[in-house]
Every structure is written in structure tokens, then in C-alpha cells.
Amino acid sequence: MSSTQEDIIWTIKINKRMDEAVQKVLYQLGYKSKAEFTREAIREFLIRRKLFSLLGGDVFIPRSFEHTPENALNALITQLEKLSSDTLKEEVETARIEVEKELLDDG
């Protein structure tokens with residue numbers, strides 16, 4: 001990507017565990033760089049929060065994944081197999097609460 005006068009470089013500090021998690025996601029989902037992943041994550045956040053105007057009306061999210069859906073599913077299954085049944089139930093319940101709050105909470 002060429003640099004223009006309109007480009008701005010962000011520098012963010014994150015802990016080592018977060019960086020390791022991001023590295024795994026980059027590999028598993030086929031992103032080419034942390035920058036590509038971060039830009040897409042921010043775009044998705046803005047779209048999900050219905051802040052389209054901040055994107056200048058452009059809500060297109062580029063998809064350039066190297067992995068097929070089947071590969072991604074197999075990677076997910078491999079990760080889930082490592083979890084205990086209790087942990088899985090706990091995580092599902094937490095996710096349900098978060099989704100319910102996000103979708104049904106008017107605040």
C-alpha cells in the first residue's frame with residue numbers, strides 16, 4: 001500500500017497474550033498482516049454499530065481469505081475439542097448473554 005498525505009499511522013500497545021491471539025487469528029483466517037486484520041475489524045465494528053457515516057458511506061468489507069470455509073470449520077472444531085464440556089457450556093452461556101444484551105438492549 002502506498003503512503004499518501006491522507007494516510008495516518010496508528011501505534012497501539014497491547015499485551016503479549018492479545019498479540020499471540022491476533023497472530024493465531026491472522027494465520028487461521030488467512031490475513032496477510034495485522035494492519036489488514038485491524039482495518040477490517042474496525043470496519044466491521046463501525047458497520048455493526050450502524051456508524052456508516054464515519055466510513056463515508058463505504059461499508060464494503062474486502063474478503064481475501066486464503067482458507068476455505070471447510071478449513072476454517074475444521075480449525076474451529078480442533079480448537080473446541082480441546083475444551084472441557086463444562087467450559088464449553090460456560091462459554092456458550094456467556095455468549096448468549098452478550099448477544100442478548102447487544103441485540104435486545106435499547107441502551
# chains A, B, ... in the order shown; residues from 1 in each chain; ligands from 1

call {"tool": "residues_around", "arguments": {"residues": "Thr11 of chain A", "least_positions_apart": "4", "cutoff": "12 Å", "atoms": "only C-alpha atoms", "output": "MDAnalysis selection string"}}
result
chainID A and resid 34:35 38

call {"tool": "write_last_selection", "arguments": {"atoms": "C-alpha atoms", "output": "short mmCIF file (atom, residue, chain, number, x, y, z; two decimals), in the first residue's frame"}}
result
data_model
loop_
_atom_site.label_atom_id
_atom_site.label_comp_id
_atom_site.auth_asym_id
_atom_site.auth_seq_id
_atom_site.Cartn_x
_atom_site.Cartn_y
_atom_site.Cartn_z
CA LYS A 34 -2.06 -7.19 11.44
CA ALA A 35 -2.87 -3.93 9.68
CA THR A 38 -7.20 -4.34 12.27
#

call {"tool": "residues_around", "arguments": {"residues": "segment 13-24 of chain A", "least_positions_apart": "3", "cutoff": "9 Å", "atoms": "only C-alpha atoms", "output": "PyMOL selection string"}}
result
chain A and resi 27-29+34+37

call {"tool": "residues_around", "arguments": {"residues": "Ala72 of chain A", "least_positions_apart": "3", "cutoff": "12 Å", "atoms": "only C-alpha atoms", "output": "number ranges by chain"}}
result
A: 25-30, 65-69, 75-79

call {"tool": "write_last_selection", "arguments": {"atoms": "N, CA, C and O atoms", "output": "compact mmCIF listing (two decimals), in the first residue's frame"}}
result
# COMPACT_ATOMS: atom_id res chain seq x y z
N VAL A 25 -5.23 -15.75 14.88
CA VAL A 25 -6.35 -15.38 14.01
C VAL A 25 -5.84 -15.04 12.61
O VAL A 25 -6.44 -15.44 11.61
N LEU A 26 -4.73 -14.31 12.55
CA LEU A 26 -4.16 -13.96 11.24
C LEU A 26 -3.89 -15.21 10.42
O LEU A 26 -4.24 -15.30 9.24
N TYR A 27 -3.28 -16.20 11.06
CA TYR A 27 -2.94 -17.43 10.36
C TYR A 27 -4.20 -18.22 9.99
O TYR A 27 -4.36 -18.65 8.86
N GLN A 28 -5.10 -18.40 10.96
CA GLN A 28 -6.27 -19.23 10.75
C GLN A 28 -7.22 -18.66 9.71
O GLN A 28 -7.83 -19.40 8.94
N LEU A 29 -7.36 -17.35 9.67
CA LEU A 29 -8.30 -16.73 8.74
C LEU A 29 -7.65 -16.25 7.45
O LEU A 29 -8.33 -15.77 6.55
N GLY A 30 -6.33 -16.35 7.37
CA GLY A 30 -5.64 -16.03 6.13
C GLY A 30 -5.37 -14.56 5.88
O GLY A 30 -5.16 -14.16 4.74
N PHE A 65 -9.50 -14.09 2.06
CA PHE A 65 -9.06 -15.19 2.90
C PHE A 65 -8.47 -16.31 2.06
O PHE A 65 -9.00 -16.66 1.02
N GLU A 66 -7.38 -16.88 2.54
CA GLU A 66 -6.75 -18.00 1.85
C GLU A 66 -7.41 -19.32 2.23
O GLU A 66 -7.36 -20.28 1.48
N HIS A 67 -8.01 -19.37 3.40
CA HIS A 67 -8.62 -20.61 3.87
C HIS A 67 -10.05 -20.74 3.35
O HIS A 67 -10.78 -19.76 3.25
N THR A 68 -10.42 -21.95 3.07
CA THR A 68 -11.80 -22.21 2.65
C THR A 68 -12.67 -22.28 3.89
O THR A 68 -12.17 -22.47 5.01
N PRO A 69 -13.99 -22.15 3.74
CA PRO A 69 -14.87 -22.31 4.89
C PRO A 69 -14.68 -23.67 5.58
O PRO A 69 -14.75 -23.76 6.80
N ALA A 75 -10.59 -26.05 11.68
CA ALA A 75 -9.73 -25.41 12.67
C ALA A 75 -10.53 -25.08 13.93
O ALA A 75 -10.05 -25.26 15.06
N LEU A 76 -11.76 -24.61 13.74
CA LEU A 76 -12.63 -24.31 14.87
C LEU A 76 -12.97 -25.57 15.66
O LEU A 76 -12.90 -25.58 16.89
N ILE A 77 -13.29 -26.64 14.96
CA ILE A 77 -13.60 -27.92 15.62
C ILE A 77 -12.39 -28.40 16.43
O ILE A 77 -12.53 -28.85 17.57
N THR A 78 -11.21 -28.29 15.85
CA THR A 78 -9.99 -28.70 16.55
C THR A 78 -9.81 -27.91 17.84
O THR A 78 -9.47 -28.48 18.88
N GLN A 79 -10.07 -26.61 17.79
CA GLN A 79 -9.95 -25.77 18.99
C GLN A 79 -11.01 -26.15 20.03
O GLN A 79 -10.73 -26.22 21.22
